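Novice: Below are the structure tokens for one structure; questions will follow.
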Number of protein chains: 2
Amino acid sequence: MAINLEFYNTLNRKKEVFEPLNPPNVGMYVCGPTVYGDPHLGHARAAIVFDVVFRLLSHFGYKVRYVRNITDVGHLENDADGGEDKIAKKARLEQLEPMEIVQLYTDQYHKAMDALNMLHPSIEPRASGHIIEQIAMIEEIMENGFGYEKDGSVYFDVVEYNKKNHYGKLSGRVVEELLDNTRDLEGQDDKKNSVDFALWKKAQPEHIMRWPSPWSVGFPGWHLECSTMGAKYLGSPFDIHGGGMDLLFPHHECEIAQSQAANKQDPVKYWMHNNMITINGQKMSKSLNNFITLDQLFEGDHEALDQAYAPMTIRFFILQAHYRGTLDFSNDALKAAEKGYRKLMNSIATASKLSPGEKSTSDIPALVENCEKAIKDDLSTSILISHLFEGVRITNSVKIGEETISKGDLSLLNKMFEDYAFNILGFQAEADQTGQGVIGPLMDLILDIRQDARVNKNFDISDKIRDALTTMKITTKDEKDGTSWTYDE
Amino acid sequence: MAINLEFYNTLNRKKEVFEPLNPPNVGMYVCGPTVYGDPHLGHARAAIVFDVVFRLLSHFGYKVRYVRNITDVGHLENDADGGEDKIAKKARLEQLEPMEIVQLYTDQYHKAMDALNMLHPSIEPRASGHIIEQIAMIEEIMENGFGYEKDGSVYFDVVEYNKKNHYGKLSGRVVEELLDNTRDLEGQDDKKNSVDFALWKKAQPEHIMRWPSPWSVGFPGWHLECSTMGAKYLGSPFDIHGGGMDLLFPHHECEIAQSQAANKQDPVKYWMHNNMITINGQKMSKSLNNFITLDQLFEGDHEALDQAYAPMTIRFFILQAHYRGTLDFSNDALKAAEKGYRKLMNSIATASKLSPGEKSTSDIPALVENCEKAIKDDLSTSILISHLFEGVRITNSVKIGEETISKGDLSLLNKMFEDYAFNILGFQAEADQTGQGVIGPLMDLILDIRQDARVNKNFDISDKIRDALTTMKITTKDEKDGTSWTYDE
């Protein structure tokens, strides 16, 4: 299989030809959401980028097992005001139940992902469902001399590990510098070194998610779940580990250290990171009041929003940028994306109805090749989309008779839209989203009546139709072979 | 709170007034699907019945925590032909991964449940996510003298338990008779008594879902997960445990025994069981080729089906029968349900547009009271639906001027439909399902044009409209104050 995909591998800081460890199988692990809040734009970007990686790998014939976890082991605390006794006496049903919160936000996340036309991962494991496996991994790390217990908690000994391994190989951080920078900031605590991190934490009374372990009743450290579940479902090593740039350090660096410490090998061949989203140039944060959830975007329900934006507008907006660059959200950018997306979709619909001519005036095979080249070049979706717009230009030129296209090239053009716009970039025609199957026939009838009315100079009817369609924001356009219509741009 | 709901409690074999243990909180646990196959009609019935219980309890002011589990710990076997060594050598990614199957069928189940307009449970715990808790419960059962280990597996000692407790209190089975009936059938095995059941099974080499335990690397017995997760999320005892009649014995009987053995108290106050679905009088089974999945029903894709049936048709069909009676599926019954459902929905839409008169010719408050009485009487949805059809009759009589309704009664009637048809029975107007927001305005325009055409005796246009609408299966009806339209019945 010579597929020649290239991805930028954060581990080696360069683009590399993708060669899976065990072709045609590919194992891909992506850090999923922490389900204690509504999904927001940041979630959407990571999920969309790796959805396209998943689609791309599958399209070119790989058999992908895609694992995206749900982080549901959190540090929720009981808002007890009277100490433990009072809590213990309360009926179980009156207590805060973290799993109820987990369920609510997991459902919200799934709903938003479905709206954004994301394929489901092959496996979506939950951290809380893999406590036994996490405990087993801690035991291995301790046996190999890289973990130590203190008062019921277990920590990873970064300094010891760094003697014979390289902590910082992914992020470029240097342990000595980290020690210098953190020594003064951290107070006295149970850790030997300020750079050490928790593998297991003894639960304080206010922590309500807890499990028994050899060290204490407690809960696993956050970095551990991904190491454990990645190895469980994909083996060690596996091919691709993805996530947002904000997870690179310490989360992914710690994942590498844990896996090396337990299994004595690098866990992942290709590390891929998507960059962040800013809002009008600023970091998204609750204090700046620019923290926009996906539901708010879809409904237009936030003071920073001029209007609602459809899920496909968001998807288009995100894929118009390369995944390794930052992406700035603004109403203007979203409105431009909305317009561009409609233009693309309208043109794809037009292309499916074009009549072929004798020969082609544009080089369609070269265009298709350019699309393939772009997506294979480290997921250059922005360049791919610009090629698709060259397809839009050709389509419109053929339609108004300025260009011609041969029968073979026309089906190539339609297949290009199908493969790249729908299958790989994961766009969806807007009509598909709402299943408005009867609207087409109703519009045909109305346009038919209007045509007759014009011929018979019955302007009352044609004016009435024009006004009603304007109210419904439907625009019609008269063309050679009939009238087409679109929702307003 | 005097709400006076009555449910049939299988435990006491009679209808009882529902009095929650800890009002206004209610804990309800319902046995969910085993996710190794497509969801079918049987899944739909259990889920719909307890969805209505959930809606009903919430409607009357209870604060319900509704737990429905996912059984994902199965006995999937590797189809290895060369023994364990060969398996161990295979790359992780080439192996069958049970969690991939679990994910696929969990997603299918959720999709079907959403189509059927089911509210999401408050918590949807997975058996595989609660191995630690199940091991802890086995340890308690053993400490109390009701479990024994044999060759790495642990069994529940039914005979010992039955000396001071009553195994059979739910199902009416008698241990001595069970022993007589099963003694000859069972060969020699590790169990002391043929009626004993497994709490923990040592994994054979071909079993690929396995966890460490104090007894062996293995997996929990099937009955255990519900006892463990019910107690974890709802406490012990809790209010309602629901499930299909086929689970009554041995599953629910064993749940009671396990909880009694571990916690020394009855786990559940009210046991509720829905009856089974038969297909043309026969039991559903794969060998009879009458095993119809929900997707096949929605698509009409099975040789036993005359046509596709919409999710709301299925919901209506199931709720037209009392949950404790068997329900026979047939094409005729489904077609009748489809017709009845559309009639109800059309009439509800009509009622919202009726003009009130001076006084009412029918007793609307009595009708509303009857609805409440029916649903509170052990979930008599069939009787409730017949009352809703009395509302349909009144609506249609008012519309054609044979009856009148006062302003107050009209809003009562509309509220009755809202409360009982939508909120409690969980029906959904079909237009809501497809979100066809622009169809209404388009139809208004078309009917307006047709009206003008008739006035101007322009029969070309009115005929053209009639024919086009017929093709689209849209029926129009002229009425006092305009024209109404519906999709064909």
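Residue numbering restarts at 1 in every chain; chains get A, B, ... in the order shown in the structure tokens, and ligands count up from 1 in that same order.
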Taking only C-alpha atoms into account, find every residue of chain A that has an atom no more than 9 Å from chain B, and write it out as an mmCIF file with N, CA and C atoms, in the first residue's frame.
Specialist:
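Heads up, here's the output in part23.cif:
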```cif
data_model
loop_
_atom_site.group_PDB
_atom_site.id
_atom_site.type_symbol
_atom_site.label_atom_id
_atom_site.label_comp_id
_atom_site.auth_asym_id
_atom_site.auth_seq_id
_atom_site.Cartn_x
_atom_site.Cartn_y
_atom_site.Cartn_z
ATOM 1 N N ASN A 22 1.147 -1.649 11.673
ATOM 2 C CA ASN A 22 0.569 -2.947 11.402
ATOM 3 C C ASN A 22 -0.479 -2.825 10.302
ATOM 4 N N ASN A 25 -4.154 -2.056 9.355
ATOM 5 C CA ASN A 25 -4.789 -1.541 10.572
ATOM 6 C C ASN A 25 -4.125 -0.242 11.025
ATOM 7 N N VAL A 26 -4.943 0.647 11.545
ATOM 8 C CA VAL A 26 -4.429 1.878 12.159
ATOM 9 C C VAL A 26 -5.134 2.060 13.495
ATOM 10 N N GLY A 27 -4.364 2.312 14.530
ATOM 11 C CA GLY A 27 -4.944 2.627 15.833
ATOM 12 C C GLY A 27 -4.796 4.111 16.109
ATOM 13 N N VAL A 64 -9.385 1.452 10.424
ATOM 14 C CA VAL A 64 -9.028 2.276 11.583
ATOM 15 C C VAL A 64 -9.829 1.888 12.820
ATOM 16 N N ARG A 65 -9.161 1.691 13.930
ATOM 17 C CA ARG A 65 -9.853 1.636 15.221
ATOM 18 C C ARG A 65 -9.608 2.965 15.916
ATOM 19 N N ALA A 91 -30.229 10.473 52.749
ATOM 20 C CA ALA A 91 -30.664 9.403 51.847
ATOM 21 C C ALA A 91 -29.835 9.479 50.576
ATOM 22 N N ARG A 92 -29.538 8.334 49.997
ATOM 23 C CA ARG A 92 -28.714 8.260 48.795
ATOM 24 C C ARG A 92 -29.283 9.141 47.689
ATOM 25 N N LEU A 93 -30.604 9.152 47.568
ATOM 26 C CA LEU A 93 -31.236 9.870 46.456
ATOM 27 C C LEU A 93 -31.151 11.375 46.588
ATOM 28 N N GLU A 94 -30.920 11.868 47.802
ATOM 29 C CA GLU A 94 -30.849 13.323 47.971
ATOM 30 C C GLU A 94 -29.458 13.853 47.691
ATOM 31 N N GLU A 97 -25.148 13.186 42.746
ATOM 32 C CA GLU A 97 -24.592 11.974 42.171
ATOM 33 C C GLU A 97 -23.794 12.364 40.930
ATOM 34 N N MET A 99 -22.430 10.834 38.619
ATOM 35 C CA MET A 99 -22.735 10.152 37.370
ATOM 36 C C MET A 99 -23.960 10.740 36.658
ATOM 37 N N GLU A 100 -24.797 11.440 37.420
ATOM 38 C CA GLU A 100 -25.938 12.104 36.801
ATOM 39 C C GLU A 100 -25.437 13.299 35.971
ATOM 40 N N ILE A 101 -24.451 13.982 36.505
ATOM 41 C CA ILE A 101 -23.843 15.111 35.795
ATOM 42 C C ILE A 101 -23.086 14.602 34.574
ATOM 43 N N VAL A 102 -22.355 13.517 34.775
ATOM 44 C CA VAL A 102 -21.619 12.879 33.678
ATOM 45 C C VAL A 102 -22.568 12.508 32.530
ATOM 46 N N GLN A 103 -23.711 11.936 32.886
ATOM 47 C CA GLN A 103 -24.663 11.498 31.864
ATOM 48 C C GLN A 103 -25.195 12.702 31.082
ATOM 49 N N LEU A 104 -25.570 13.737 31.816
ATOM 50 C CA LEU A 104 -26.131 14.936 31.195
ATOM 51 C C LEU A 104 -25.167 15.533 30.171
ATOM 52 N N ASP A 107 -24.408 13.263 27.130
ATOM 53 C CA ASP A 107 -25.511 13.356 26.159
ATOM 54 C C ASP A 107 -25.422 14.656 25.343
ATOM 55 N N HIS A 120 -19.051 8.342 14.572
ATOM 56 C CA HIS A 120 -18.824 7.888 15.943
ATOM 57 C C HIS A 120 -17.483 7.164 16.027
ATOM 58 N N PRO A 121 -16.767 7.363 17.133
ATOM 59 C CA PRO A 121 -15.528 6.590 17.305
ATOM 60 C C PRO A 121 -15.851 5.092 17.411
ATOM 61 N N SER A 122 -14.856 4.253 17.155
ATOM 62 C CA SER A 122 -15.059 2.807 17.266
ATOM 63 C C SER A 122 -15.306 2.398 18.711
ATOM 64 N N ILE A 123 -14.623 3.065 19.621
ATOM 65 C CA ILE A 123 -14.782 2.786 21.056
ATOM 66 C C ILE A 123 -14.713 4.114 21.797
ATOM 67 N N GLU A 124 -15.585 4.288 22.761
ATOM 68 C CA GLU A 124 -15.612 5.531 23.544
ATOM 69 C C GLU A 124 -15.529 5.177 25.023
ATOM 70 N N PRO A 125 -14.331 4.809 25.489
ATOM 71 C CA PRO A 125 -14.210 4.295 26.857
ATOM 72 C C PRO A 125 -14.264 5.411 27.897
ATOM 73 N N ARG A 126 -14.780 5.061 29.064
ATOM 74 C CA ARG A 126 -14.861 6.032 30.153
ATOM 75 C C ARG A 126 -13.777 5.753 31.191
ATOM 76 N N ALA A 127 -13.197 6.805 31.704
ATOM 77 C CA ALA A 127 -12.162 6.647 32.737
ATOM 78 C C ALA A 127 -12.696 5.860 33.929
ATOM 79 N N SER A 128 -13.923 6.145 34.350
ATOM 80 C CA SER A 128 -14.480 5.464 35.529
ATOM 81 C C SER A 128 -14.673 3.977 35.280
ATOM 82 N N GLY A 129 -14.706 3.569 34.037
ATOM 83 C CA GLY A 129 -14.899 2.165 33.707
ATOM 84 C C GLY A 129 -13.589 1.387 33.630
ATOM 85 N N HIS A 130 -12.468 2.054 33.929
ATOM 86 C CA HIS A 130 -11.165 1.405 33.780
ATOM 87 C C HIS A 130 -10.272 1.655 34.983
ATOM 88 N N ILE A 131 -10.874 1.624 36.171
ATOM 89 C CA ILE A 131 -10.111 1.844 37.408
ATOM 90 C C ILE A 131 -9.174 0.666 37.657
ATOM 91 N N ILE A 132 -9.679 -0.550 37.434
ATOM 92 C CA ILE A 132 -8.851 -1.740 37.664
ATOM 93 C C ILE A 132 -7.596 -1.690 36.800
ATOM 94 N N GLU A 133 -7.769 -1.360 35.534
ATOM 95 C CA GLU A 133 -6.642 -1.299 34.617
ATOM 96 C C GLU A 133 -5.663 -0.193 35.023
ATOM 97 N N TRP A 211 -12.731 4.948 44.790
ATOM 98 C CA TRP A 211 -12.663 3.490 44.657
ATOM 99 C C TRP A 211 -11.573 2.957 45.577
ATOM 100 N N PRO A 212 -11.706 1.684 46.002
ATOM 101 C CA PRO A 212 -10.647 1.073 46.811
ATOM 102 C C PRO A 212 -9.418 0.789 45.947
ATOM 103 N N LYS A 232 -4.865 -0.511 26.269
ATOM 104 C CA LYS A 232 -5.842 -1.601 26.346
ATOM 105 C C LYS A 232 -6.510 -1.853 24.990
ATOM 106 N N TYR A 233 -6.905 -0.801 24.321
ATOM 107 C CA TYR A 233 -7.695 -0.990 23.098
ATOM 108 C C TYR A 233 -6.876 -0.937 21.811
ATOM 109 N N LEU A 234 -5.669 -0.357 21.881
ATOM 110 C CA LEU A 234 -4.890 -0.223 20.646
ATOM 111 C C LEU A 234 -3.540 -0.937 20.722
ATOM 112 N N GLY A 235 -3.188 -1.449 21.895
ATOM 113 C CA GLY A 235 -1.887 -2.084 22.048
ATOM 114 C C GLY A 235 -0.805 -1.050 22.312
ATOM 115 N N SER A 236 0.418 -1.523 22.456
ATOM 116 C CA SER A 236 1.527 -0.609 22.735
ATOM 117 C C SER A 236 2.756 -1.101 21.968
ATOM 118 N N PHE A 238 1.025 2.203 19.592
ATOM 119 C CA PHE A 238 0.008 2.344 18.545
ATOM 120 C C PHE A 238 0.353 3.518 17.647
ATOM 121 N N THR A 434 -32.394 18.427 7.493
ATOM 122 C CA THR A 434 -33.744 18.592 7.992
ATOM 123 C C THR A 434 -34.725 17.650 7.303
ATOM 124 N N GLY A 435 -34.279 16.908 6.320
ATOM 125 C CA GLY A 435 -35.126 15.907 5.667
ATOM 126 C C GLY A 435 -36.373 16.508 5.029
ATOM 127 N N GLN A 436 -36.224 17.674 4.444
ATOM 128 C CA GLN A 436 -37.405 18.374 3.947
ATOM 129 C C GLN A 436 -37.792 17.874 2.553
ATOM 130 N N GLY A 437 -38.183 16.597 2.489
ATOM 131 C CA GLY A 437 -38.371 15.925 1.208
ATOM 132 C C GLY A 437 -39.494 16.474 0.357
ATOM 133 N N VAL A 438 -40.485 17.117 0.954
ATOM 134 C CA VAL A 438 -41.646 17.549 0.186
ATOM 135 C C VAL A 438 -41.470 18.977 -0.329
ATOM 136 N N ILE A 439 -40.430 19.639 0.117
ATOM 137 C CA ILE A 439 -40.241 21.042 -0.259
ATOM 138 C C ILE A 439 -39.916 21.172 -1.746
ATOM 139 N N PRO A 441 -40.829 19.240 -4.424
ATOM 140 C CA PRO A 441 -42.051 19.177 -5.232
ATOM 141 C C PRO A 441 -42.953 20.400 -5.059
ATOM 142 N N LEU A 442 -43.067 20.928 -3.835
ATOM 143 C CA LEU A 442 -43.906 22.117 -3.628
ATOM 144 C C LEU A 442 -43.329 23.304 -4.395
ATOM 145 N N MET A 443 -42.020 23.470 -4.343
ATOM 146 C CA MET A 443 -41.384 24.583 -5.059
ATOM 147 C C MET A 443 -41.551 24.403 -6.573
ATOM 148 N N LEU A 445 -43.979 23.024 -8.093
ATOM 149 C CA LEU A 445 -45.360 23.395 -8.402
ATOM 150 C C LEU A 445 -45.515 24.915 -8.453
ATOM 151 N N ILE A 446 -44.971 25.584 -7.457
ATOM 152 C CA ILE A 446 -45.107 27.042 -7.384
ATOM 153 C C ILE A 446 -44.416 27.716 -8.573
ATOM 154 N N ILE A 449 -46.472 27.236 -11.709
ATOM 155 C CA ILE A 449 -47.629 28.137 -11.749
ATOM 156 C C ILE A 449 -47.179 29.548 -12.120
ATOM 157 N N ASP A 452 -46.486 29.807 -15.845
ATOM 158 C CA ASP A 452 -47.747 29.928 -16.603
ATOM 159 C C ASP A 452 -48.332 31.327 -16.457
ATOM 160 N N ILE A 461 -50.834 36.909 -9.889
ATOM 161 C CA ILE A 461 -50.312 35.656 -9.330
ATOM 162 C C ILE A 461 -48.791 35.702 -9.217
ATOM 163 N N LYS A 464 -47.752 37.844 -6.343
ATOM 164 C CA LYS A 464 -48.060 37.212 -5.051
ATOM 165 C C LYS A 464 -46.990 36.178 -4.700
ATOM 166 N N ILE A 465 -46.607 35.389 -5.710
ATOM 167 C CA ILE A 465 -45.587 34.358 -5.467
ATOM 168 C C ILE A 465 -44.256 34.995 -5.109
ATOM 169 N N ALA A 468 -44.395 36.267 -1.499
ATOM 170 C CA ALA A 468 -44.408 35.200 -0.488
ATOM 171 C C ALA A 468 -43.032 34.551 -0.365
ATOM 172 N N LEU A 469 -42.382 34.308 -1.498
ATOM 173 C CA LEU A 469 -41.059 33.676 -1.454
ATOM 174 C C LEU A 469 -40.042 34.602 -0.784
ATOM 175 N N MET A 472 -40.305 34.195 2.767
ATOM 176 C CA MET A 472 -39.703 32.929 3.217
ATOM 177 C C MET A 472 -38.196 32.895 2.995
#
```
Novice: When you look at B:His273 with a cut-off of 9 Å (counting only C-alpha atoms), what residues show up, excluding the ones that are within fewer than 2 positions of it in the same chain? I need them as a count of residues only.
Specialist: 16
Novice: What lies within 12 Å of A:Gly37 using only C-alpha atoms, ignoring chain neighbours under 5 positions off, as an mmCIF file with C-alpha atoms, in the first residue's frame?
Specialist:
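What landed in result-v4.cif:
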```cif
data_model
loop_
_atom_site.group_PDB
_atom_site.id
_atom_site.type_symbol
_atom_site.label_atom_id
_atom_site.label_comp_id
_atom_site.auth_asym_id
_atom_site.auth_seq_id
_atom_site.Cartn_x
_atom_site.Cartn_y
_atom_site.Cartn_z
ATOM 1 C CA HIS A 43 -14.229 20.719 21.654
ATOM 2 C CA THR A 71 -13.136 11.809 31.110
ATOM 3 C CA ASP A 72 -15.715 11.241 33.804
ATOM 4 C CA GLY A 74 -13.494 14.334 38.201
ATOM 5 C CA ILE A 101 -23.843 15.111 35.795
ATOM 6 C CA VAL A 102 -21.619 12.879 33.678
ATOM 7 C CA GLN A 103 -24.663 11.498 31.864
ATOM 8 C CA LEU A 104 -26.131 14.936 31.195
ATOM 9 C CA TYR A 105 -22.975 16.378 29.663
ATOM 10 C CA THR A 106 -22.077 13.187 27.799
ATOM 11 C CA ASP A 107 -25.511 13.356 26.159
ATOM 12 C CA GLN A 108 -24.993 17.060 25.319
ATOM 13 C CA TYR A 109 -21.617 16.307 23.809
ATOM 14 C CA LYS A 286 -15.379 32.384 31.285
ATOM 15 C CA PHE A 291 -16.872 31.421 26.333
ATOM 16 C CA ILE A 292 -19.391 30.238 23.741
ATOM 17 C CA THR A 293 -20.969 26.801 23.904
ATOM 18 C CA LEU A 294 -21.938 24.936 20.745
ATOM 19 C CA ASP A 295 -25.621 25.114 21.644
#
```
Novice: Work out how far atom CA of A:Gly300 is from atom CA of A:Thr475, in Å to one decimal.
Specialist: 23.4 Å
Novice: Can you measure atom CA of B:Pro220 to atom CA of B:His251 for me? One decimal in Å is fine.
Specialist: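 Spanning atom CA of B:Pro220 to atom CA of B:His251 is a straight-line distance of 13.8 Å.
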Novice: Need to verify the contact set: A:Ala336, 12 Å, only C-alpha atoms, exclusion of same-chain residues closer than 3 positions in sequence. Can you return it as a ChimeraX atom specification?
Specialist: /A:309,313-314,316-317,320,329-333,339-343,489
Novice: For the structure I just gave you, how does DSSP split stretch 12-108 of chain B - specifically, which residues are helix (DSSP H, G or I)? Reply as an MDAnalysis selection string.
Specialist: chainID B and resid 41:59 83:89 92:94 98:108
Novice: Mind checking which residues fall within 12 Å of B:Lys163, counting only C-alpha atoms, ignoring those fewer than 2 positions away in the same chain, and posting them as a ChimeraX atom specification?
Specialist: /B:145-146,157-161,165-167,175-176,261
Novice: Using only C-alpha atoms, which residues sit within 9 Å of A:Ser484 once same-chain residues fewer than 3 positions away are excluded, as a list in words?
Specialist: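 Listing them by chain and then by number gives Leu447, Thr475, Thr476, Lys477, Asp478 and Glu479 of chain A.
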Novice: At what distance in Å, to one decimal, does atom CA of A:Ser58 lie from atom CA of B:Met209?
Specialist: 27.1 Å
Novice: Give me the residues near A:Lys150 as a list of chain:residue names, where near means some atom within 12 Å (using only C-alpha atoms) and where sequence neighbours in that chain fewer than 3 positions away do not count.
Specialist: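 Counting only the stated atoms, we get A:Gly147, A:Ser153, A:Val154, A:Tyr155, A:Phe156, A:Asp157, A:Asp189, A:Asp190, A:Lys191, A:Lys192, A:Ala198, A:Leu199, A:Trp200, A:Lys201, A:Lys202, A:Trp215, A:Ser216.
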Novice: Write the residues you've just listed into a file as a compact mmCIF listing (two decimals), in the first residue's frame, and include N, CA and C atoms for each of them.
Specialist:
```txt
# COMPACT_ATOMS: atom_id res chain seq x y z
N GLY A 147 7.54 4.97 40.71
CA GLY A 147 6.41 5.51 41.46
C GLY A 147 6.64 5.30 42.95
N SER A 153 -1.40 8.26 48.73
CA SER A 153 -1.35 8.71 47.34
C SER A 153 -0.08 8.17 46.68
N VAL A 154 -0.10 8.05 45.36
CA VAL A 154 1.07 7.55 44.64
C VAL A 154 1.49 8.60 43.62
N TYR A 155 2.79 8.88 43.55
CA TYR A 155 3.29 9.88 42.62
C TYR A 155 4.29 9.27 41.65
N PHE A 156 4.40 9.89 40.50
CA PHE A 156 5.38 9.49 39.50
C PHE A 156 6.66 10.28 39.77
N ASP A 157 7.79 9.55 39.83
CA ASP A 157 9.07 10.20 40.16
C ASP A 157 9.74 10.66 38.87
N ASP A 189 4.59 19.69 50.14
CA ASP A 189 3.53 18.70 49.95
C ASP A 189 4.14 17.31 49.94
N ASP A 190 3.36 16.34 49.51
CA ASP A 190 3.81 14.95 49.62
C ASP A 190 4.80 14.57 48.54
N LYS A 191 4.99 15.42 47.54
CA LYS A 191 5.83 15.03 46.42
C LYS A 191 7.31 15.21 46.74
N LYS A 192 8.14 14.29 46.21
CA LYS A 192 9.59 14.42 46.35
C LYS A 192 10.11 15.60 45.55
N ALA A 198 0.67 13.10 40.19
CA ALA A 198 -0.07 12.06 40.90
C ALA A 198 -0.51 10.94 39.96
N LEU A 199 -0.32 9.70 40.42
CA LEU A 199 -0.89 8.54 39.72
C LEU A 199 -2.16 8.09 40.43
N TRP A 200 -2.17 8.26 41.75
CA TRP A 200 -3.35 7.92 42.55
C TRP A 200 -3.47 8.94 43.66
N LYS A 201 -4.67 9.42 43.92
CA LYS A 201 -4.87 10.39 44.99
C LYS A 201 -5.81 9.81 46.04
N LYS A 202 -5.40 9.86 47.26
CA LYS A 202 -6.29 9.49 48.36
C LYS A 202 -7.44 10.50 48.40
N TRP A 215 -3.57 1.36 47.99
CA TRP A 215 -2.95 2.46 48.74
C TRP A 215 -3.95 3.25 49.57
N SER A 216 -5.16 3.39 49.06
CA SER A 216 -6.19 4.15 49.79
C SER A 216 -7.48 4.06 49.00
```
Novice: Would you give me, as JSON, numbers by chain, the residues in stretch 188-249 of chain A that DSSP reads as strand (DSSP E)?
Specialist: {"A": [197, 198, 199, 200, 201, 202, 218, 219, 220, 238, 239, 240, 241, 242, 243, 244]}
Novice: Write a file of the just-selected residues containing N, CA and C atoms, as a PDB file, in the first residue's frame.
Specialist:
```
ATOM      1  N   PHE A 197       4.105  14.011  39.413  1.00  0.00           N
ATOM      2  CA  PHE A 197       2.649  14.148  39.268  1.00  0.00           C
ATOM      3  C   PHE A 197       1.959  12.925  39.864  1.00  0.00           C
ATOM      4  N   ALA A 198       0.668  13.097  40.188  1.00  0.00           N
ATOM      5  CA  ALA A 198      -0.073  12.057  40.904  1.00  0.00           C
ATOM      6  C   ALA A 198      -0.511  10.937  39.964  1.00  0.00           C
ATOM      7  N   LEU A 199      -0.320   9.700  40.415  1.00  0.00           N
ATOM      8  CA  LEU A 199      -0.886   8.538  39.723  1.00  0.00           C
ATOM      9  C   LEU A 199      -2.161   8.087  40.433  1.00  0.00           C
ATOM     10  N   TRP A 200      -2.168   8.258  41.745  1.00  0.00           N
ATOM     11  CA  TRP A 200      -3.346   7.915  42.550  1.00  0.00           C
ATOM     12  C   TRP A 200      -3.472   8.939  43.662  1.00  0.00           C
ATOM     13  N   LYS A 201      -4.668   9.422  43.919  1.00  0.00           N
ATOM     14  CA  LYS A 201      -4.872  10.388  44.991  1.00  0.00           C
ATOM     15  C   LYS A 201      -5.814   9.809  46.036  1.00  0.00           C
ATOM     16  N   LYS A 202      -5.397   9.865  47.265  1.00  0.00           N
ATOM     17  CA  LYS A 202      -6.288   9.493  48.361  1.00  0.00           C
ATOM     18  C   LYS A 202      -7.443  10.498  48.400  1.00  0.00           C
ATOM     19  N   GLY A 218      -9.602   6.107  46.887  1.00  0.00           N
ATOM     20  CA  GLY A 218      -9.269   7.351  46.197  1.00  0.00           C
ATOM     21  C   GLY A 218      -9.634   7.288  44.729  1.00  0.00           C
ATOM     22  N   PHE A 219      -8.836   7.992  43.923  1.00  0.00           N
ATOM     23  CA  PHE A 219      -9.141   8.068  42.494  1.00  0.00           C
ATOM     24  C   PHE A 219      -7.845   8.259  41.711  1.00  0.00           C
ATOM     25  N   PRO A 220      -7.848   7.832  40.437  1.00  0.00           N
ATOM     26  CA  PRO A 220      -6.616   7.903  39.655  1.00  0.00           C
ATOM     27  C   PRO A 220      -6.283   9.333  39.230  1.00  0.00           C
ATOM     28  N   PHE A 238       1.025   2.203  19.592  1.00  0.00           N
ATOM     29  CA  PHE A 238       0.008   2.344  18.545  1.00  0.00           C
ATOM     30  C   PHE A 238       0.353   3.518  17.647  1.00  0.00           C
ATOM     31  N   ASP A 239      -0.485   3.760  16.622  1.00  0.00           N
ATOM     32  CA  ASP A 239      -0.055   4.653  15.539  1.00  0.00           C
ATOM     33  C   ASP A 239      -0.169   6.156  15.825  1.00  0.00           C
ATOM     34  N   ILE A 240      -1.398   6.596  16.086  1.00  0.00           N
ATOM     35  CA  ILE A 240      -1.638   8.048  16.154  1.00  0.00           C
ATOM     36  C   ILE A 240      -2.260   8.415  17.487  1.00  0.00           C
ATOM     37  N   HIS A 241      -1.723   9.450  18.120  1.00  0.00           N
ATOM     38  CA  HIS A 241      -2.374  10.024  19.295  1.00  0.00           C
ATOM     39  C   HIS A 241      -2.639  11.485  18.980  1.00  0.00           C
ATOM     40  N   GLY A 242      -3.907  11.878  19.076  1.00  0.00           N
ATOM     41  CA  GLY A 242      -4.273  13.254  18.765  1.00  0.00           C
ATOM     42  C   GLY A 242      -4.850  13.977  19.963  1.00  0.00           C
ATOM     43  N   GLY A 243      -4.901  15.296  19.840  1.00  0.00           N
ATOM     44  CA  GLY A 243      -5.489  16.112  20.897  1.00  0.00           C
ATOM     45  C   GLY A 243      -5.170  17.576  20.648  1.00  0.00           C
ATOM     46  N   GLY A 244      -5.721  18.431  21.470  1.00  0.00           N
ATOM     47  CA  GLY A 244      -5.461  19.863  21.345  1.00  0.00           C
ATOM     48  C   GLY A 244      -4.061  20.194  21.849  1.00  0.00           C
TER      49      GLY A 244
END
```
